>>> print(open('coords.txt').read())   # compact mmCIF, C-alpha atoms
# COMPACT_ATOMS: atom_id res chain seq x y z
CA MET A 11 -57.61 28.11 -82.04
CA THR A 12 -59.07 24.62 -82.17
CA LEU A 13 -62.76 23.82 -81.76
CA ILE A 14 -62.18 22.81 -78.12
CA GLY A 15 -60.41 26.13 -77.57
CA GLU A 16 -63.24 28.10 -79.17
CA ARG A 17 -65.84 26.28 -77.11
CA LEU A 18 -63.81 26.88 -73.94
CA ALA A 19 -63.86 30.62 -74.65
CA GLU A 20 -67.66 30.52 -74.84
CA ARG A 21 -68.21 28.66 -71.56
CA GLN A 22 -69.28 30.58 -68.49
CA CYS A 23 -67.08 30.85 -65.41
CA GLU A 24 -68.58 29.37 -62.27
CA ALA A 25 -68.16 30.53 -58.68
CA CYS A 26 -65.13 28.80 -57.23
CA ARG A 27 -65.15 27.39 -53.68
CA GLU A 28 -62.42 25.80 -51.62
CA ASP A 29 -63.75 22.36 -52.51
CA SER A 30 -63.99 23.10 -56.24
CA GLU A 31 -62.11 20.57 -58.32
CA PRO A 32 -58.83 21.51 -59.95
CA VAL A 33 -58.32 20.59 -63.59
CA VAL A 34 -55.76 17.79 -63.68
CA GLY A 35 -54.73 14.74 -65.69
CA VAL A 36 -56.26 14.05 -69.09
CA ALA A 37 -58.70 16.98 -68.89
CA ARG A 38 -55.79 19.37 -68.36
CA GLU A 39 -53.78 17.82 -71.19
CA GLU A 40 -56.72 18.09 -73.59
CA MET A 41 -57.38 21.72 -72.77
CA LEU A 42 -53.70 22.60 -72.99
CA ALA A 43 -53.49 20.91 -76.38
CA ALA A 44 -56.35 23.17 -77.51
CA LEU A 45 -54.63 26.29 -76.18
CA SER A 46 -51.36 26.44 -78.07
CA ASP A 47 -50.44 29.89 -76.68
CA TRP A 48 -50.44 28.56 -73.12
CA ARG A 49 -48.22 26.44 -70.88
CA VAL A 50 -48.37 25.38 -67.24
CA GLU A 51 -45.63 26.69 -64.94
CA MET A 52 -45.27 25.91 -61.25
CA ILE A 53 -44.75 29.29 -59.55
CA ASP A 54 -44.67 29.72 -55.77
CA GLU A 55 -45.76 26.10 -55.52
CA VAL A 56 -48.93 26.75 -57.54
CA ASP A 57 -49.54 25.56 -61.10
CA GLN A 58 -50.24 28.61 -63.24
CA LEU A 59 -51.41 28.90 -66.83
CA VAL A 60 -48.99 31.23 -68.60
CA GLY A 61 -49.30 32.88 -72.01
CA ASP A 62 -46.85 35.30 -73.67
CA PHE A 63 -48.06 37.77 -76.30
CA SER A 64 -45.87 40.02 -78.48
CA PHE A 65 -46.52 43.54 -79.73
CA ALA A 66 -44.83 46.16 -81.88
CA ASN A 67 -44.39 48.65 -79.06
CA PHE A 68 -45.28 49.60 -75.49
CA VAL A 69 -48.58 51.31 -76.32
CA ASP A 70 -49.91 48.22 -78.12
CA ALA A 71 -48.81 46.02 -75.20
CA MET A 72 -50.61 48.33 -72.73
CA ALA A 73 -53.76 48.31 -74.88
CA PHE A 74 -53.81 44.50 -74.89
CA ALA A 75 -53.23 44.39 -71.12
CA ASN A 76 -56.21 46.71 -70.69
CA ALA A 77 -58.40 44.51 -72.87
CA VAL A 78 -57.38 41.47 -70.79
CA GLY A 79 -58.06 43.49 -67.64
CA GLU A 80 -61.57 44.33 -68.84
CA LEU A 81 -62.27 40.70 -69.66
CA ALA A 82 -60.98 39.72 -66.19
CA GLU A 83 -63.05 42.36 -64.43
CA ASN A 84 -66.19 41.19 -66.28
CA ALA A 85 -65.56 37.61 -65.16
CA ASP A 86 -64.50 38.73 -61.66
CA HIS A 87 -61.40 36.56 -61.99
CA HIS A 88 -58.09 38.39 -62.21
CA PRO A 89 -54.72 37.35 -63.60
CA ARG A 90 -51.20 38.58 -63.00
CA LEU A 91 -50.19 40.72 -65.98
CA VAL A 92 -46.53 41.37 -66.74
CA ILE A 93 -46.09 44.19 -69.23
CA GLU A 94 -42.81 45.16 -70.88
CA TRP A 95 -41.99 47.05 -74.06
CA GLY A 96 -43.52 44.85 -76.78
CA SER A 97 -44.82 42.03 -74.60
CA VAL A 98 -47.55 41.01 -72.20
CA SER A 99 -47.45 37.81 -70.17
CA VAL A 100 -50.67 36.62 -68.58
CA TYR A 101 -50.74 34.28 -65.57
CA TRP A 102 -54.00 32.57 -64.56
CA TRP A 103 -54.57 30.47 -61.47
CA THR A 104 -57.26 30.14 -58.82
CA HIS A 105 -56.25 31.38 -55.38
CA THR A 106 -59.08 29.54 -53.58
CA ILE A 107 -57.85 26.10 -54.63
CA ARG A 108 -54.19 27.04 -55.19
CA SER A 109 -54.38 25.28 -58.54
CA LEU A 110 -55.91 25.51 -62.01
CA HIS A 111 -59.70 25.63 -62.21
CA LEU A 112 -61.79 25.35 -65.34
CA ASN A 113 -62.28 29.14 -65.08
CA ASP A 114 -58.56 29.64 -65.76
CA PHE A 115 -58.75 27.68 -69.00
CA ILE A 116 -61.92 29.51 -70.06
CA LEU A 117 -60.26 32.89 -69.51
CA ALA A 118 -57.03 31.78 -71.19
CA ALA A 119 -59.11 30.80 -74.25
CA ARG A 120 -60.78 34.21 -74.21
CA VAL A 121 -57.40 35.96 -74.06
CA THR A 122 -56.21 33.94 -77.06
CA ALA A 123 -59.39 34.94 -78.94
CA LEU A 124 -58.69 38.58 -78.00
CA SER A 125 -55.11 38.32 -79.28
CA ARG A 126 -56.41 37.23 -82.69
CA GLU A 127 -58.98 39.98 -83.14
CA MET B 1 -41.15 62.41 -50.68
CA THR B 2 -38.01 64.30 -49.63
CA LEU B 3 -36.69 67.38 -51.35
CA ILE B 4 -34.10 65.29 -53.25
CA GLY B 5 -36.94 63.00 -54.35
CA GLU B 6 -39.07 65.93 -55.53
CA ARG B 7 -36.16 67.47 -57.41
CA LEU B 8 -35.39 64.11 -59.01
CA ALA B 9 -38.95 63.94 -60.31
CA GLU B 10 -38.50 67.31 -62.00
CA ARG B 11 -35.23 66.49 -63.76
CA GLN B 12 -35.29 65.66 -67.45
CA CYS B 13 -34.26 62.24 -68.74
CA GLU B 14 -31.28 62.24 -71.06
CA ALA B 15 -30.60 59.98 -74.02
CA CYS B 16 -28.76 56.93 -72.76
CA ARG B 17 -25.81 55.45 -74.69
CA GLU B 18 -23.77 52.33 -74.10
CA ASP B 19 -21.05 54.43 -72.45
CA SER B 20 -23.47 56.32 -70.19
CA GLU B 21 -22.51 56.06 -66.55
CA PRO B 22 -24.54 53.87 -64.22
CA VAL B 23 -25.57 55.33 -60.86
CA VAL B 24 -23.49 53.55 -58.22
CA GLY B 25 -21.98 54.07 -54.78
CA VAL B 26 -22.85 57.13 -52.72
CA ALA B 27 -24.98 58.73 -55.45
CA ARG B 28 -27.13 55.60 -55.57
CA GLU B 29 -27.44 55.45 -51.79
CA GLU B 30 -28.47 59.10 -51.59
CA MET B 31 -31.12 58.75 -54.26
CA LEU B 32 -32.45 55.53 -52.73
CA ALA B 33 -32.67 57.24 -49.34
CA ALA B 34 -34.82 59.92 -50.98
CA LEU B 35 -37.09 57.32 -52.62
CA SER B 36 -38.54 55.39 -49.72
CA ASP B 37 -40.96 53.42 -51.94
CA TRP B 38 -38.08 51.90 -53.91
CA ARG B 39 -35.43 49.23 -53.46
CA VAL B 40 -32.72 47.77 -55.67
CA GLU B 41 -33.06 44.11 -56.63
CA MET B 42 -30.65 42.13 -58.77
CA ILE B 43 -32.81 40.38 -61.38
CA ASP B 44 -31.38 38.43 -64.30
CA GLU B 45 -27.96 39.76 -63.30
CA VAL B 46 -29.10 43.39 -63.67
CA ASP B 47 -29.73 45.80 -60.79
CA GLN B 48 -33.33 46.98 -61.04
CA LEU B 49 -35.18 49.68 -59.12
CA VAL B 50 -38.36 48.09 -57.78
CA GLY B 51 -41.42 49.76 -56.24
CA ASP B 52 -44.62 48.09 -54.99
CA PHE B 53 -47.88 50.04 -54.85
CA SER B 54 -51.16 48.87 -53.28
CA PHE B 55 -54.73 49.52 -54.38
CA ALA B 56 -58.25 48.70 -53.23
CA ASN B 57 -59.08 46.59 -56.29
CA PHE B 58 -58.06 45.50 -59.78
CA VAL B 59 -59.54 48.50 -61.60
CA ASP B 60 -57.57 50.97 -59.46
CA ALA B 61 -54.38 48.96 -59.99
CA MET B 62 -54.95 48.97 -63.78
CA ALA B 63 -55.58 52.74 -63.73
CA PHE B 64 -52.29 53.34 -61.92
CA ALA B 65 -50.43 51.04 -64.33
CA ASN B 66 -51.86 53.07 -67.22
CA ALA B 67 -50.74 56.33 -65.63
CA VAL B 68 -47.23 54.90 -65.19
CA GLY B 69 -47.36 53.68 -68.79
CA GLU B 70 -48.25 57.16 -70.03
CA LEU B 71 -45.42 58.69 -68.02
CA ALA B 72 -43.05 56.06 -69.45
CA GLU B 73 -44.20 56.61 -73.01
CA ASN B 74 -43.72 60.37 -72.64
CA ALA B 75 -40.15 59.82 -71.41
CA ASP B 76 -39.53 57.06 -73.99
CA HIS B 77 -38.21 54.86 -71.19
CA HIS B 78 -40.31 51.84 -70.30
CA PRO B 79 -40.51 49.75 -67.16
CA ARG B 80 -41.72 46.25 -66.47
CA LEU B 81 -45.15 46.48 -64.83
CA VAL B 82 -46.52 43.59 -62.81
CA ILE B 83 -50.23 43.99 -62.13
CA GLU B 84 -52.27 41.82 -59.79
CA TRP B 85 -55.56 42.36 -57.98
CA GLY B 86 -54.79 45.33 -55.70
CA SER B 87 -51.13 45.80 -56.55
CA VAL B 88 -48.75 47.15 -59.16
CA SER B 89 -45.00 46.55 -59.04
CA VAL B 90 -42.81 48.75 -61.21
CA TYR B 91 -39.30 47.71 -62.32
CA TRP B 92 -36.94 50.28 -63.82
CA TRP B 93 -33.55 49.60 -65.33
CA THR B 94 -31.65 50.71 -68.40
CA HIS B 95 -31.17 48.01 -71.01
CA THR B 96 -28.36 49.83 -72.82
CA ILE B 97 -26.04 49.80 -69.80
CA ARG B 98 -27.58 46.76 -68.07
CA SER B 99 -27.67 48.78 -64.87
CA LEU B 100 -29.34 51.75 -63.20
CA HIS B 101 -29.08 55.10 -64.96
CA LEU B 102 -30.11 58.47 -63.56
CA ASN B 103 -33.20 58.20 -65.81
CA ASP B 104 -34.41 55.24 -63.75
CA PHE B 105 -34.28 57.26 -60.53
CA ILE B 106 -36.00 60.23 -62.20
CA LEU B 107 -38.85 58.04 -63.40
CA ALA B 108 -39.11 56.22 -60.06
CA ALA B 109 -39.49 59.62 -58.37
CA ARG B 110 -42.22 60.55 -60.86
CA VAL B 111 -44.07 57.29 -60.15
CA THR B 112 -43.93 58.02 -56.43
CA ALA B 113 -45.32 61.52 -57.08
CA LEU B 114 -48.10 59.92 -59.17
CA SER B 115 -48.94 57.47 -56.37
CA ARG B 116 -49.51 60.38 -54.00
CA GLU B 117 -51.78 62.42 -56.25
>>> encode(input="coords.txt", output="structure tokens")
Amino acid sequence: MTLIGERLAERQCEACREDSEPVVGVAREEMLAALSDWRVEMIDEVDQLVGDFSFANFVDAMAFANAVGELAENADHHPRLVIEWGSVSVYWWTHTIRSLHLNDFILAARVTALSRE
Amino acid sequence: MTLIGERLAERQCEACREDSEPVVGVAREEMLAALSDWRVEMIDEVDQLVGDFSFANFVDAMAFANAVGELAENADHHPRLVIEWGSVSVYWWTHTIRSLHLNDFILAARVTALSRE
């Protein structure tokens, strides 16, 4: 992970309101460039930050999903997790603004850090 | 769950080979009728048995996903699990035959039983 990515992981999430600003334009491009595991996908008309992680088996995939779940619960911001044999995909977005908030990038960076432990 | 559903849950999974028979026609309809939580959806050109389960929060959803994961690991047959805040969707299908095998219905019945514990 790059320095920007590492610093992102250390930032604190902030409470998100309906008038919170989405991350767009250059700021989004810079953060995405720092988070090589992640891409933006438009799903159900909402930009989502998506990361795919591979594992040797189902048990390892489940364990990673649980670790992401714990991280999400601690931040009170929850992703969609898609678990299959040997893989976990994580989808972050912010319901309140129907877009990507800084919190989504912070949590994506933390998931990447988790995947490299 | 109906009697057919309960009996399904108690059946043992069998090893699935490429020439194993998919569950189709009347047999499929009967089993589906016994499994009211489940529907068949064609996804990526493969019929999949899909069940949606609701929970009061993320932690409860994660706990259910883990219980389904344990059940899957014990049967050595693994679903796709989609976890969001307050919901878990479970997708069963059999890769080897790219269709629905009896094993999928057995495990769906077990997941339903689990959801009612």
>>> closest_residue(input="coords.txt", among="A:Asn84, A:Ser99, A:Gln58, A:Ser125", to="Cys23 in chain A", atoms="only C-alpha atoms")
A:Asn84
>>> atom_distance(input="coords.txt", atom1="CA of Val100 in chain A", atom2="CA of Val60 in chain A")
5.6 Å
>>> atom_distance(input="coords.txt", atom1="CA of Asp54 in chain A", atom2="CA of Glu84 in chain B")
14.8 Å
>>> interface_residues(input="coords.txt", of="chain A", to="chain B", cutoff="8 Å", atoms="only C-alpha atoms", output="ChimeraX atom specification")
/A:68-69,72,76,79,83,88-95
>>> atom_distance(input="coords.txt", atom1="CA of Ala123 in chain A", atom2="CA of Glu28 in chain A")
29.0 Å
>>> closest_residue(input="coords.txt", among="B:Val68, B:Leu114, B:Leu49, B:Met42", to="Arg28 in chain B", atoms="all atoms listed in the file")
B:Leu49
>>> closest_residue(input="coords.txt", among="B:Leu100, B:Ala109, B:Ala75, B:Ala56", to="Val23 in chain B", atoms="only C-alpha atoms")
B:Leu100
>>> residues_around(input="coords.txt", residues="range 16-21 of chain A", least_positions_apart="3", cutoff="6 Å", atoms="all atoms listed in the file", output="ChimeraX atom specification")
/A:13,116,119-120
>>> residues_around(input="coords.txt", residues="Ala25 in chain A", least_positions_apart="3", cutoff="12 Å", atoms="all atoms listed in the file", output="PyMOL selection string")
chain A and resi 22+28-31+85-87+104+106-107+111-114
>>> build_atoms(input="coords.txt", residues="range 41-52 of chain A", atoms="all heavy atoms", output="PDB file, in the coordinates of the input")
ATOM      1  N   MET A  41     -57.161  20.264 -72.656  1.00  0.00           N
ATOM      2  CA  MET A  41     -57.380  21.720 -72.770  1.00  0.00           C
ATOM      3  C   MET A  41     -56.095  22.427 -73.182  1.00  0.00           C
ATOM      4  O   MET A  41     -56.120  23.339 -74.002  1.00  0.00           O
ATOM      5  CB  MET A  41     -57.906  22.267 -71.441  1.00  0.00           C
ATOM      6  CG  MET A  41     -59.363  21.905 -71.227  1.00  0.00           C
ATOM      7  SD  MET A  41     -60.089  22.831 -69.862  1.00  0.00           S
ATOM      8  CE  MET A  41     -60.757  21.508 -68.893  1.00  0.00           C
ATOM      9  N   LEU A  42     -54.979  21.985 -72.618  1.00  0.00           N
ATOM     10  CA  LEU A  42     -53.700  22.600 -72.990  1.00  0.00           C
ATOM     11  C   LEU A  42     -53.396  22.394 -74.468  1.00  0.00           C
ATOM     12  O   LEU A  42     -52.881  23.293 -75.144  1.00  0.00           O
ATOM     13  CB  LEU A  42     -52.565  22.005 -72.153  1.00  0.00           C
ATOM     14  CG  LEU A  42     -52.250  22.724 -70.846  1.00  0.00           C
ATOM     15  CD1 LEU A  42     -51.152  21.972 -70.102  1.00  0.00           C
ATOM     16  CD2 LEU A  42     -51.833  24.172 -71.078  1.00  0.00           C
ATOM     17  N   ALA A  43     -53.740  21.210 -74.963  1.00  0.00           N
ATOM     18  CA  ALA A  43     -53.490  20.910 -76.380  1.00  0.00           C
ATOM     19  C   ALA A  43     -54.303  21.848 -77.264  1.00  0.00           C
ATOM     20  O   ALA A  43     -53.897  22.199 -78.373  1.00  0.00           O
ATOM     21  CB  ALA A  43     -53.823  19.448 -76.673  1.00  0.00           C
ATOM     22  N   ALA A  44     -55.476  22.275 -76.730  1.00  0.00           N
ATOM     23  CA  ALA A  44     -56.350  23.170 -77.510  1.00  0.00           C
ATOM     24  C   ALA A  44     -55.920  24.622 -77.399  1.00  0.00           C
ATOM     25  O   ALA A  44     -56.381  25.477 -78.148  1.00  0.00           O
ATOM     26  CB  ALA A  44     -57.788  23.010 -77.037  1.00  0.00           C
ATOM     27  N   LEU A  45     -55.047  24.910 -76.435  1.00  0.00           N
ATOM     28  CA  LEU A  45     -54.630  26.290 -76.180  1.00  0.00           C
ATOM     29  C   LEU A  45     -53.134  26.428 -76.447  1.00  0.00           C
ATOM     30  O   LEU A  45     -52.322  26.436 -75.516  1.00  0.00           O
ATOM     31  CB  LEU A  45     -54.933  26.660 -74.719  1.00  0.00           C
ATOM     32  CG  LEU A  45     -56.406  26.666 -74.298  1.00  0.00           C
ATOM     33  CD1 LEU A  45     -56.528  26.819 -72.794  1.00  0.00           C
ATOM     34  CD2 LEU A  45     -57.162  27.783 -75.006  1.00  0.00           C
ATOM     35  N   SER A  46     -52.781  26.525 -77.722  1.00  0.00           N
ATOM     36  CA  SER A  46     -51.360  26.440 -78.070  1.00  0.00           C
ATOM     37  C   SER A  46     -50.537  27.621 -77.559  1.00  0.00           C
ATOM     38  O   SER A  46     -49.314  27.525 -77.472  1.00  0.00           O
ATOM     39  CB  SER A  46     -51.208  26.312 -79.594  1.00  0.00           C
ATOM     40  OG  SER A  46     -51.852  27.422 -80.215  1.00  0.00           O
ATOM     41  N   ASP A  47     -51.186  28.737 -77.211  1.00  0.00           N
ATOM     42  CA  ASP A  47     -50.440  29.890 -76.680  1.00  0.00           C
ATOM     43  C   ASP A  47     -50.058  29.713 -75.212  1.00  0.00           C
ATOM     44  O   ASP A  47     -49.349  30.561 -74.669  1.00  0.00           O
ATOM     45  CB  ASP A  47     -51.288  31.164 -76.762  1.00  0.00           C
ATOM     46  CG  ASP A  47     -51.519  31.611 -78.198  1.00  0.00           C
ATOM     47  OD1 ASP A  47     -50.667  31.303 -79.047  1.00  0.00           O
ATOM     48  OD2 ASP A  47     -52.546  32.260 -78.448  1.00  0.00           O
ATOM     49  N   TRP A  48     -50.538  28.666 -74.573  1.00  0.00           N
ATOM     50  CA  TRP A  48     -50.440  28.560 -73.120  1.00  0.00           C
ATOM     51  C   TRP A  48     -49.627  27.366 -72.658  1.00  0.00           C
ATOM     52  O   TRP A  48     -49.604  26.329 -73.291  1.00  0.00           O
ATOM     53  CB  TRP A  48     -51.844  28.522 -72.509  1.00  0.00           C
ATOM     54  CG  TRP A  48     -52.627  29.749 -72.836  1.00  0.00           C
ATOM     55  CD1 TRP A  48     -53.326  29.995 -73.988  1.00  0.00           C
ATOM     56  CD2 TRP A  48     -52.739  30.943 -72.052  1.00  0.00           C
ATOM     57  NE1 TRP A  48     -53.871  31.257 -73.958  1.00  0.00           N
ATOM     58  CE2 TRP A  48     -53.527  31.867 -72.777  1.00  0.00           C
ATOM     59  CE3 TRP A  48     -52.250  31.321 -70.789  1.00  0.00           C
ATOM     60  CZ2 TRP A  48     -53.835  33.138 -72.288  1.00  0.00           C
ATOM     61  CZ3 TRP A  48     -52.567  32.575 -70.303  1.00  0.00           C
ATOM     62  CH2 TRP A  48     -53.344  33.470 -71.053  1.00  0.00           C
ATOM     63  N   ARG A  49     -48.966  27.540 -71.504  1.00  0.00           N
ATOM     64  CA  ARG A  49     -48.220  26.440 -70.880  1.00  0.00           C
ATOM     65  C   ARG A  49     -48.508  26.483 -69.382  1.00  0.00           C
ATOM     66  O   ARG A  49     -48.980  27.494 -68.867  1.00  0.00           O
ATOM     67  CB  ARG A  49     -46.723  26.603 -71.133  1.00  0.00           C
ATOM     68  CG  ARG A  49     -46.135  27.855 -70.505  1.00  0.00           C
ATOM     69  CD  ARG A  49     -44.673  28.100 -70.891  1.00  0.00           C
ATOM     70  NE  ARG A  49     -44.146  29.279 -70.199  1.00  0.00           N
ATOM     71  CZ  ARG A  49     -44.289  30.538 -70.612  1.00  0.00           C
ATOM     72  NH1 ARG A  49     -44.956  30.800 -71.724  1.00  0.00           N
ATOM     73  NH2 ARG A  49     -43.777  31.534 -69.906  1.00  0.00           N
ATOM     74  N   VAL A  50     -48.227  25.373 -68.692  1.00  0.00           N
ATOM     75  CA  VAL A  50     -48.370  25.380 -67.240  1.00  0.00           C
ATOM     76  C   VAL A  50     -46.987  25.547 -66.617  1.00  0.00           C
ATOM     77  O   VAL A  50     -46.035  24.881 -67.016  1.00  0.00           O
ATOM     78  CB  VAL A  50     -49.021  24.070 -66.721  1.00  0.00           C
ATOM     79  CG1 VAL A  50     -48.987  24.026 -65.200  1.00  0.00           C
ATOM     80  CG2 VAL A  50     -50.462  23.983 -67.215  1.00  0.00           C
ATOM     81  N   GLU A  51     -46.875  26.491 -65.690  1.00  0.00           N
ATOM     82  CA  GLU A  51     -45.630  26.690 -64.940  1.00  0.00           C
ATOM     83  C   GLU A  51     -45.950  26.623 -63.457  1.00  0.00           C
ATOM     84  O   GLU A  51     -46.931  27.214 -63.022  1.00  0.00           O
ATOM     85  CB  GLU A  51     -45.033  28.077 -65.220  1.00  0.00           C
ATOM     86  CG  GLU A  51     -44.024  28.112 -66.323  1.00  0.00           C
ATOM     87  CD  GLU A  51     -43.359  29.488 -66.459  1.00  0.00           C
ATOM     88  OE1 GLU A  51     -43.027  30.099 -65.423  1.00  0.00           O
ATOM     89  OE2 GLU A  51     -43.203  29.948 -67.589  1.00  0.00           O
ATOM     90  N   MET A  52     -45.110  25.920 -62.712  1.00  0.00           N
ATOM     91  CA  MET A  52     -45.270  25.910 -61.250  1.00  0.00           C
ATOM     92  C   MET A  52     -44.555  27.150 -60.713  1.00  0.00           C
ATOM     93  O   MET A  52     -43.347  27.309 -60.873  1.00  0.00           O
ATOM     94  CB  MET A  52     -44.630  24.622 -60.703  1.00  0.00           C
ATOM     95  CG  MET A  52     -44.493  24.572 -59.203  1.00  0.00           C
ATOM     96  SD  MET A  52     -46.003  24.074 -58.344  1.00  0.00           S
ATOM     97  CE  MET A  52     -45.956  22.286 -58.515  1.00  0.00           C
TER      98      MET A  52
END
